[in-house]
file coords09.tsv (TSV, C-alpha atoms)
chain	number	residue	atom	x	y	z
Y	1	MET	CA	0.00	0.00	0.00
Y	2	LYS	CA	0.94	3.62	-0.39
Y	3	ILE	CA	0.67	5.11	3.08
Y	4	LEU	CA	1.16	8.65	4.37
Y	5	VAL	CA	2.70	8.88	7.83
Y	6	THR	CA	2.64	12.42	9.22
Y	7	GLY	CA	5.10	13.20	12.00
Y	8	ALA	CA	7.45	10.64	10.40
Y	9	ALA	CA	10.54	12.13	12.06
Y	10	GLY	CA	8.85	11.91	15.45
Y	11	PHE	CA	9.18	9.09	17.97
Y	12	ILE	CA	6.15	6.98	17.02
Y	13	GLY	CA	6.18	8.02	13.36
Y	14	PHE	CA	9.77	6.85	12.95
Y	15	HIS	CA	9.12	3.41	14.43
Y	16	LEU	CA	5.84	2.99	12.52
Y	17	SER	CA	7.48	3.95	9.22
Y	18	LYS	CA	10.26	1.39	9.81
Y	19	TYR	CA	7.66	-1.32	10.44
Y	20	LEU	CA	5.61	-0.48	7.33
Y	21	LEU	CA	8.71	-0.32	5.13
Y	22	ALA	CA	9.92	-3.68	6.44
Y	23	ARG	CA	6.65	-5.35	5.46
Y	24	GLY	CA	6.78	-3.90	1.94
Y	25	ASP	CA	4.58	-0.81	2.01
Y	26	GLU	CA	5.48	2.42	0.23
Y	27	VAL	CA	5.71	5.17	2.84
Y	28	VAL	CA	5.64	8.92	2.30
Y	29	GLY	CA	6.73	10.68	5.48
Y	30	LEU	CA	5.70	14.24	6.25
Y	31	ASP	CA	7.10	16.39	9.06
Y	32	ASN	CA	7.71	20.10	9.65
Y	33	MET	CA	10.85	19.35	11.73
Y	34	ASN	CA	9.97	21.99	14.33
Y	35	ASP	CA	12.27	22.72	17.27
Y	36	TYR	CA	9.92	21.74	20.12
Y	37	TYR	CA	12.75	19.39	21.04
Y	38	ASP	CA	16.25	18.63	19.68
Y	39	VAL	CA	15.99	18.66	15.88
Y	40	SER	CA	19.17	16.57	15.57
Y	41	LEU	CA	17.30	13.62	17.10
Y	42	LYS	CA	14.59	13.97	14.45
Y	43	GLU	CA	17.25	14.19	11.75
Y	44	ALA	CA	18.95	11.03	13.05
Y	45	ARG	CA	15.64	9.14	12.90
Y	46	LEU	CA	14.93	10.47	9.43
Y	47	ALA	CA	18.38	9.47	8.18
Y	48	GLN	CA	17.54	5.82	8.88
Y	49	LEU	CA	14.28	6.06	6.97
Y	50	THR	CA	15.68	7.80	3.91
Y	51	GLU	CA	18.07	4.88	3.41
Y	52	GLN	CA	15.05	2.83	2.30
Y	53	LYS	CA	14.13	2.93	-1.39
Y	54	THR	CA	10.40	2.83	-0.70
Y	55	PHE	CA	10.46	5.86	1.62
Y	56	ARG	CA	10.16	9.50	0.56
Y	57	PHE	CA	10.23	12.51	2.84
Y	58	VAL	CA	8.33	15.77	2.43
Y	59	ARG	CA	8.94	18.70	4.74
Y	60	MET	CA	5.70	20.59	5.25
Y	61	ASP	CA	3.53	22.01	8.01
Y	62	LEU	CA	0.05	20.55	8.48
Y	63	ALA	CA	-1.30	24.08	8.83
Y	64	ASP	CA	-0.26	24.85	5.22
Y	65	ARG	CA	-3.76	24.55	3.79
Y	66	GLU	CA	-2.93	24.90	0.10
Y	67	GLY	CA	0.26	22.85	0.36
Y	68	ILE	CA	-1.49	19.93	2.08
Y	69	ALA	CA	-4.38	20.02	-0.41
Y	70	GLN	CA	-2.01	19.84	-3.39
Y	71	PHE	CA	0.09	17.19	-1.66
Y	72	PHE	CA	-2.90	14.87	-1.23
Y	73	LYS	CA	-4.13	15.54	-4.77
Y	74	THR	CA	-0.73	14.66	-6.26
Y	75	GLU	CA	0.10	11.60	-4.12
Y	76	LYS	CA	-3.26	9.76	-3.96
Y	77	PHE	CA	-2.63	7.82	-0.74
Y	78	GLU	CA	-4.53	4.62	0.01
Y	79	LYS	CA	-4.29	5.07	3.77
Y	80	VAL	CA	-3.15	7.83	6.13
Y	81	VAL	CA	-1.72	7.71	9.66
Y	82	ASN	CA	-1.73	11.16	11.25
Y	83	LEU	CA	0.80	11.29	14.09
Y	84	ALA	CA	1.93	14.89	13.56
Y	85	ALA	CA	0.81	17.12	16.42
Y	86	GLN	CA	2.02	19.63	18.93
Y	87	ALA	CA	2.67	17.31	21.85
Y	88	GLY	CA	3.09	17.87	25.58
Y	89	VAL	CA	0.63	18.78	28.32
Y	90	ARG	CA	2.82	21.32	30.12
Y	91	TYR	CA	3.90	23.22	27.01
Y	92	SER	CA	0.23	23.84	26.19
Y	93	LEU	CA	0.10	26.15	29.22
Y	94	GLU	CA	2.84	28.30	27.70
Y	95	ASN	CA	2.06	28.25	24.00
Y	96	PRO	CA	-1.63	27.46	23.40
Y	97	HIS	CA	-1.70	28.75	19.83
Y	98	ALA	CA	0.79	26.08	18.71
Y	99	TYR	CA	-1.79	23.44	19.67
Y	100	ILE	CA	-4.61	25.09	17.74
Y	101	ASP	CA	-2.43	25.52	14.64
Y	102	ALA	CA	-1.10	21.94	14.55
Y	103	ASN	CA	-3.81	19.89	16.24
Y	104	VAL	CA	-6.97	21.63	15.06
Y	105	VAL	CA	-6.16	23.58	11.89
Y	106	GLY	CA	-3.66	20.95	10.76
Y	107	PHE	CA	-6.06	18.08	11.42
Y	108	THR	CA	-8.79	19.84	9.44
Y	109	ASN	CA	-6.42	19.92	6.47
Y	110	ILE	CA	-5.74	16.19	6.87
Y	111	LEU	CA	-9.47	15.42	6.98
Y	112	GLU	CA	-10.09	17.51	3.87
Y	113	GLY	CA	-7.21	15.81	2.06
Y	114	CYS	CA	-8.66	12.38	2.88
Y	115	ARG	CA	-12.20	13.40	1.96
Y	116	HIS	CA	-11.35	14.76	-1.48
Y	117	ASN	CA	-8.88	12.05	-2.54
Y	118	GLU	CA	-10.60	8.75	-1.80
Y	119	VAL	CA	-8.43	7.74	1.15
Y	120	LYS	CA	-9.67	4.33	2.31
Y	121	HIS	CA	-8.85	4.72	6.03
Y	122	LEU	CA	-7.56	7.49	8.27
Y	123	VAL	CA	-5.91	6.44	11.54
Y	124	TYR	CA	-4.91	9.28	13.87
Y	125	ALA	CA	-3.24	9.75	17.23
Y	126	SER	CA	-5.46	10.74	20.09
Y	127	SER	CA	-4.22	10.55	23.68
Y	128	SER	CA	-4.96	9.12	27.11
Y	129	SER	CA	-5.06	12.80	28.15
Y	130	VAL	CA	-8.64	13.03	26.83
Y	131	TYR	CA	-9.86	11.22	29.95
Y	132	GLY	CA	-9.04	14.37	31.91
Y	133	ALA	CA	-10.89	14.56	35.22
Y	134	ASN	CA	-12.22	10.98	34.93
Y	135	THR	CA	-11.30	8.85	37.95
Y	136	SER	CA	-13.13	5.59	37.17
Y	137	MET	CA	-10.41	3.05	36.35
Y	138	PRO	CA	-9.44	1.57	33.99
Y	139	PHE	CA	-10.27	4.22	31.39
Y	140	SER	CA	-12.69	2.85	28.79
Y	141	ILE	CA	-13.42	4.11	25.29
Y	142	HIS	CA	-17.09	3.84	26.27
Y	143	ASP	CA	-16.65	6.48	29.00
Y	144	ASN	CA	-17.73	10.09	28.61
Y	145	ILE	CA	-14.70	12.38	28.19
Y	146	ASP	CA	-16.23	15.85	28.52
Y	147	HIS	CA	-13.82	17.19	31.15
Y	148	PRO	CA	-10.29	17.70	29.75
Y	149	VAL	CA	-7.78	19.34	32.12
Y	150	SER	CA	-5.33	20.70	29.53
Y	151	LEU	CA	-5.62	22.41	26.16
Y	152	TYR	CA	-3.60	19.55	24.66
Y	153	ALA	CA	-6.28	17.10	25.81
Y	154	ALA	CA	-9.04	19.39	24.51
Y	155	THR	CA	-7.46	19.46	21.04
Y	156	LYS	CA	-7.20	15.66	21.00
Y	157	LYS	CA	-10.86	15.33	21.94
Y	158	ALA	CA	-11.61	17.86	19.19
Y	159	ASN	CA	-9.80	15.57	16.73
Y	160	GLU	CA	-12.08	12.69	17.68
Y	161	LEU	CA	-15.19	14.84	17.24
Y	162	MET	CA	-13.97	16.22	13.90
Y	163	ALA	CA	-13.14	12.72	12.64
Y	164	HIS	CA	-16.61	11.51	13.59
Y	165	THR	CA	-18.19	14.34	11.66
Y	166	TYR	CA	-16.27	13.38	8.50
Y	167	SER	CA	-17.08	9.70	9.02
Y	168	HIS	CA	-20.77	10.62	9.30
Y	169	LEU	CA	-20.98	13.18	6.50
Y	170	TYR	CA	-18.60	11.71	3.93
Y	171	ASN	CA	-18.43	8.02	4.90
Y	172	LEU	CA	-14.69	8.39	5.57
Y	173	PRO	CA	-13.51	5.50	7.76
Y	174	THR	CA	-11.58	6.92	10.73
Y	175	THR	CA	-9.92	5.28	13.73
Y	176	GLY	CA	-8.63	7.28	16.70
Y	177	LEU	CA	-5.97	5.78	18.96
Y	178	ARG	CA	-5.57	6.91	22.56
Y	179	PHE	CA	-1.91	6.28	23.37
Y	180	PHE	CA	-0.84	5.78	26.99
Y	181	THR	CA	2.61	7.13	28.04
Y	182	VAL	CA	4.75	5.80	25.20
Y	183	TYR	CA	8.45	5.10	25.84
Y	184	GLY	CA	11.39	3.26	24.30
Y	185	PRO	CA	14.49	3.73	22.11
Y	186	TRP	CA	14.55	6.98	20.09
Y	187	GLY	CA	12.00	8.43	22.53
Y	188	ARG	CA	11.21	12.08	23.08
Y	189	PRO	CA	13.72	14.03	25.24
Y	190	ASP	CA	10.89	15.89	27.02
Y	191	MET	CA	9.42	12.69	28.46
Y	192	ALA	CA	10.16	11.37	31.97
Y	193	MET	CA	12.07	8.27	30.87
Y	194	PHE	CA	14.59	10.35	28.89
Y	195	LEU	CA	14.79	13.18	31.42
Y	196	PHE	CA	15.31	10.82	34.37
Y	197	THR	CA	17.98	8.76	32.59
Y	198	LYS	CA	19.92	11.84	31.51
Y	199	ALA	CA	19.82	13.39	34.99
Y	200	ILE	CA	20.69	10.20	36.89
Y	201	LEU	CA	23.74	9.55	34.69
Y	202	ALA	CA	24.84	13.18	35.12
Y	203	GLY	CA	24.43	13.02	38.90
Y	204	GLU	CA	21.72	15.69	38.80
Y	205	PRO	CA	18.42	15.62	40.74
Y	206	ILE	CA	15.26	14.39	39.05
Y	207	LYS	CA	11.93	16.17	39.50
Y	208	VAL	CA	9.37	13.79	41.01
Y	209	PHE	CA	5.93	15.36	40.69
Y	210	ASN	CA	2.96	14.74	43.00
Y	211	TYR	CA	5.58	13.55	45.51
Y	212	GLY	CA	5.89	10.31	43.55
Y	213	LYS	CA	2.20	9.43	43.94
Y	214	MET	CA	1.64	9.05	40.22
Y	215	LEU	CA	0.52	5.95	38.30
Y	216	ARG	CA	1.19	5.70	34.58
Y	217	ASP	CA	0.28	3.00	32.07
Y	218	PHE	CA	3.75	3.03	30.48
Y	219	THR	CA	3.49	1.46	27.01
Y	220	TYR	CA	6.52	0.26	25.08
Y	221	ILE	CA	6.96	1.61	21.56
Y	222	ASP	CA	6.84	-1.81	19.85
Y	223	ASP	CA	3.42	-2.45	21.39
Y	224	ILE	CA	2.19	0.95	20.23
Y	225	VAL	CA	3.33	0.28	16.65
Y	226	GLU	CA	1.77	-3.18	16.61
Y	227	GLY	CA	-1.51	-1.65	17.76
Y	228	VAL	CA	-1.35	1.07	15.10
Y	229	VAL	CA	-0.67	-1.40	12.29
Y	230	ARG	CA	-3.40	-3.83	13.36
Y	231	THR	CA	-6.01	-1.08	13.52
Y	232	LEU	CA	-4.76	0.44	10.25
Y	233	ASP	CA	-5.28	-2.91	8.54
Y	234	LYS	CA	-8.83	-3.23	9.92
Y	235	THR	CA	-10.77	-0.43	8.28
Y	236	ALA	CA	-13.28	1.17	10.62
Y	237	GLU	CA	-16.87	0.04	10.12
Y	238	PRO	CA	-20.22	1.18	11.50
Y	239	ASN	CA	-21.48	-0.39	14.71
Y	240	VAL	CA	-24.81	-1.88	13.61
Y	241	ASN	CA	-26.01	-1.91	17.22
Y	242	TRP	CA	-25.30	1.77	17.84
Y	243	THR	CA	-28.32	3.78	18.93
Y	244	GLY	CA	-28.88	7.47	19.57
Y	245	ASN	CA	-31.05	6.58	22.56
Y	246	SER	CA	-27.95	5.36	24.37
Y	247	PRO	CA	-25.00	6.70	22.35
Y	248	ASP	CA	-21.72	4.80	22.76
Y	249	PRO	CA	-18.79	7.29	22.67
Y	250	GLY	CA	-16.32	4.70	21.33
Y	251	THR	CA	-18.25	3.61	18.22
Y	252	SER	CA	-20.86	5.00	15.86
Y	253	ALA	CA	-23.44	4.29	13.19
Y	254	ALA	CA	-20.78	5.84	10.94
Y	255	PRO	CA	-17.47	4.08	10.05
Y	256	TYR	CA	-15.73	5.38	13.16
Y	257	ARG	CA	-13.76	3.67	15.91
Y	258	ILE	CA	-11.76	4.64	19.00
Y	259	TYR	CA	-9.23	2.37	20.75
Y	260	ASN	CA	-7.00	2.61	23.80
Y	261	ILE	CA	-3.45	1.38	23.28
Y	262	GLY	CA	-1.96	0.99	26.75
Y	263	ASN	CA	-0.09	-1.64	28.70
Y	264	ASN	CA	-3.10	-2.29	30.98
Y	265	GLN	CA	-0.67	-2.44	33.95
Y	266	PRO	CA	-0.21	0.93	35.68
Y	267	VAL	CA	3.22	1.46	37.23
Y	268	GLU	CA	3.93	3.65	40.24
Y	269	LEU	CA	6.32	6.47	39.43
Y	270	MET	CA	8.64	5.41	42.26
Y	271	HIS	CA	8.77	1.86	40.84
Y	272	LEU	CA	9.74	3.26	37.45
Y	273	ILE	CA	12.54	5.23	39.11
Y	274	GLU	CA	13.74	2.14	40.98
Y	275	THR	CA	13.73	0.14	37.73
Y	276	LEU	CA	15.75	2.87	36.02
Y	277	GLU	CA	18.20	3.02	38.92
Y	278	LYS	CA	18.74	-0.74	38.71
Y	279	ALA	CA	19.24	-0.66	34.92
Y	280	LEU	CA	21.68	2.27	35.20
Y	281	GLY	CA	23.48	0.98	38.28
Y	282	LYS	CA	23.11	4.39	39.90
Y	283	THR	CA	20.83	5.95	42.53
Y	284	ALA	CA	18.80	9.01	41.67
Y	285	GLU	CA	18.76	12.19	43.72
Y	286	LYS	CA	15.08	13.07	43.98
Y	287	GLU	CA	13.41	16.48	44.21
Y	288	MET	CA	9.87	15.86	45.44
Y	289	LEU	CA	7.36	18.36	44.01
Y	290	PRO	CA	3.57	18.91	43.88
Y	291	ILE	CA	1.53	17.85	40.86
Y	292	GLN	CA	1.78	20.22	37.89
Y	293	PRO	CA	-1.23	22.00	36.34
Y	294	GLY	CA	-2.78	19.91	33.57
Y	295	ASP	CA	-1.37	16.61	34.88
Y	296	VAL	CA	-3.55	13.73	36.05
Y	297	PRO	CA	-2.47	11.49	38.95
Y	298	GLN	CA	-3.26	8.17	37.26
Y	299	THR	CA	-3.75	6.56	33.84
Y	300	TYR	CA	-4.90	3.01	33.22
Y	301	ALA	CA	-6.12	1.65	29.88
Y	302	ASN	CA	-8.98	-0.74	29.33
Y	303	VAL	CA	-7.94	-2.55	26.12
Y	304	ASP	CA	-10.85	-5.01	25.83
Y	305	ASP	CA	-12.01	-3.54	22.50
Y	306	LEU	CA	-8.51	-3.67	21.04
Y	307	ILE	CA	-8.28	-7.35	21.98
Y	308	ALA	CA	-11.77	-8.15	20.68
Y	309	ASP	CA	-11.43	-6.32	17.34
Y	310	VAL	CA	-7.79	-6.87	16.32
Y	311	GLY	CA	-6.60	-9.60	18.68
Y	312	PHE	CA	-3.81	-7.64	20.30
Y	313	LYS	CA	-2.88	-6.75	23.88
Y	314	PRO	CA	0.29	-4.78	24.78
Y	315	GLU	CA	2.34	-6.86	27.21
Y	316	THR	CA	5.95	-5.58	27.36
Y	317	SER	CA	6.90	-5.34	31.05
Y	318	ILE	CA	8.38	-2.14	32.46
Y	319	GLU	CA	11.56	-4.03	33.38
Y	320	LYS	CA	12.10	-5.30	29.84
Y	321	GLY	CA	11.17	-1.97	28.23
Y	322	VAL	CA	13.36	0.13	30.52
Y	323	GLY	CA	16.27	-2.24	29.93
Y	324	ARG	CA	15.96	-1.77	26.17
Y	325	PHE	CA	15.65	2.00	26.50
Y	326	VAL	CA	18.71	2.27	28.76
Y	327	ALA	CA	20.77	0.11	26.39
Y	328	TRP	CA	19.82	2.38	23.48
Y	329	TYR	CA	20.46	5.58	25.48
Y	330	LYS	CA	23.93	4.46	26.51
Y	331	SER	CA	24.78	3.45	22.94
Y	332	VAL	CA	23.88	6.93	21.66
Y	333	TYR	CA	24.72	9.34	24.49
Y	334	CYS	CA	27.44	7.68	26.57
call {"tool": "encode", "arguments": {"input": "coords09.tsv", "output": "structure tokens"}}
result
Amino acid sequence: MKILVTGAAGFIGFHLSKYLLARGDEVVGLDNMNDYYDVSLKEARLAQLTEQKTFRFVRMDLADREGIAQFFKTEKFEKVVNLAAQAGVRYSLENPHAYIDANVVGFTNILEGCRHNEVKHLVYASSSSVYGANTSMPFSIHDNIDHPVSLYAATKKANELMAHTYSHLYNLPTTGLRFFTVYGPWGRPDMAMFLFTKAILAGEPIKVFNYGKMLRDFTYIDDIVEGVVRTLDKTAEPNVNWTGNSPDPGTSAAPYRIYNIGNNQPVELMHLIETLEKALGKTAEKEMLPIQPGDVPQTYANVDDLIADVGFKPETSIEKGVGRFVAWYKSVYC
């Protein structure tokens, strides 16, 4: 298949593109290469992809309305995976407009490109952040998610609503994926795993928010990619049992689906730190701090629908995943 992967130089986009190329798909990668974090890391990922004959890279911003429209018209993709977004909960407190430009305006351009060019299936990144103020665990796609606690989360919920509208109006099959705390080799430098490892090795204190009383459903990158590919290959279909009298948020009478992709095994933040310390052979100096605005104290994914529909359940343990991440980090930065 000819597949567009947006955010191809990003963490998940890089790993997904490698997987698709390895199985024989033609991949066109799009990324604006912004400087939200170290561009050299994005360039290093991209360098591996451009070695493949069936990969092409296009540098463009999703908010470029005319550019994206012409791009879709010229390329005629069979399927699209939209991973490009302005990421990060905390940064959304400082630079809200970046989230509207990339995650709302940019996603509109993706939807329009798919609508007008006969794309067979759009898969897009949502986030566990959409669960916001929900406290009923584990988080289910059938839960109401009307109370986001960050602008980032609000834009991801907006993506799901916008996708549903296009599925309903134009019969465009769309699948939204709520990722839960992704980590692994080539990961983002603004995420806890990377920040903690860098600080511990440098003998610097790590910032432990909510005094360590955080639970995260850490999900290893290989499990995320497997989940993306399996849902990409299963084109979204209408739920024939859906009814407006009791509307299910996770499905629809339109060809629309939502899935959680999480490890289904929440890990205490202090256990993560202990696992990192063991893998690094070094004890962390800890700075205990209150929870930050926009953060939630716990995430925990219900993946029953993912198992039922595509036969997959993420299962990489935190010990195995951290070991692989540390091995990669040391090979690149030490």
call {"tool": "closest_residue", "arguments": {"input": "coords09.tsv", "among": "Y:Gly227, Y:Gly132, Y:Gly184, Y:Pro297", "to": "Arg324 (chain Y)", "atoms": "all atoms listed in the file"}}
result
Y:Gly184
call {"tool": "closest_residue", "arguments": {"input": "coords09.tsv", "among": "Y:Val123, Y:Val80, Y:Leu215, Y:Leu276", "to": "Met1 (chain Y)", "atoms": "all atoms listed in the file"}}
result
Y:Val80
call {"tool": "residues_around", "arguments": {"input": "coords09.tsv", "residues": "Tyr124 (chain Y)", "least_positions_apart": "4", "cutoff": "8 Å", "atoms": "all atoms listed in the file", "output": "number ranges by chain"}}
result
Y: 81-83, 174-177
call {"tool": "residues_around", "arguments": {"input": "coords09.tsv", "residues": "Asn260 (chain Y)", "least_positions_apart": "6", "cutoff": "12 Å", "atoms": "all atoms listed in the file", "output": "PyMOL selection string"}}
result
chain Y and resi 125-131+138-143+175-181+217+219+223-224+227-228+231+250+299-307+309+312-314
call {"tool": "atom_distance", "arguments": {"input": "coords09.tsv", "atom1": "CA of Pro205 (chain Y)", "atom2": "CA of Glu285 (chain Y)"}}
result
4.6 Å
call {"tool": "closest_residue", "arguments": {"input": "coords09.tsv", "among": "Y:His168, Y:Cys114, Y:Val326, Y:Ala158", "to": "Ile100 (chain Y)", "atoms": "all atoms listed in the file"}}
result
Y:Ala158
call {"tool": "closest_residue", "arguments": {"input": "coords09.tsv", "among": "Y:Asn95, Y:Gly281, Y:Ala87, Y:Lys53", "to": "Ala22 (chain Y)", "atoms": "all atoms listed in the file"}}
result
Y:Lys53
call {"tool": "atom_distance", "arguments": {"input": "coords09.tsv", "atom1": "CA of Lys330 (chain Y)", "atom2": "CA of Pro266 (chain Y)"}}
result
26.1 Å
call {"tool": "closest_residue", "arguments": {"input": "coords09.tsv", "among": "Y:Arg23, Y:Lys198, Y:Arg115, Y:Lys157", "to": "Leu172 (chain Y)", "atoms": "all atoms listed in the file"}}
result
Y:Arg115
call {"tool": "atom_distance", "arguments": {"input": "coords09.tsv", "atom1": "CA of Ser40 (chain Y)", "atom2": "CA of Gly323 (chain Y)"}}
result
23.8 Å
call {"tool": "closest_atom_pairs", "arguments": {"input": "coords09.tsv", "of": "region 182-232 of chain Y", "to": "region 36-39 of chain Y", "cutoff": "10 Å", "atoms": "all atoms listed in the file", "output": "Markdown table"}}
result
| residue | atom | partner | partner_atom | distance |
| --- | --- | --- | --- | --- |
| Y:Arg188 | CA | Y:Tyr37 | CA | 7.7 |
| Y:Pro189 | CA | Y:Tyr37 | CA | 6.9 |
| Y:Asp190 | CA | Y:Tyr37 | CA | 7.2 |
call {"tool": "closest_residue", "arguments": {"input": "coords09.tsv", "among": "Y:Glu118, Y:Asp64, Y:Glu226, Y:Glu112", "to": "Met162 (chain Y)", "atoms": "all atoms listed in the file"}}
result
Y:Glu112
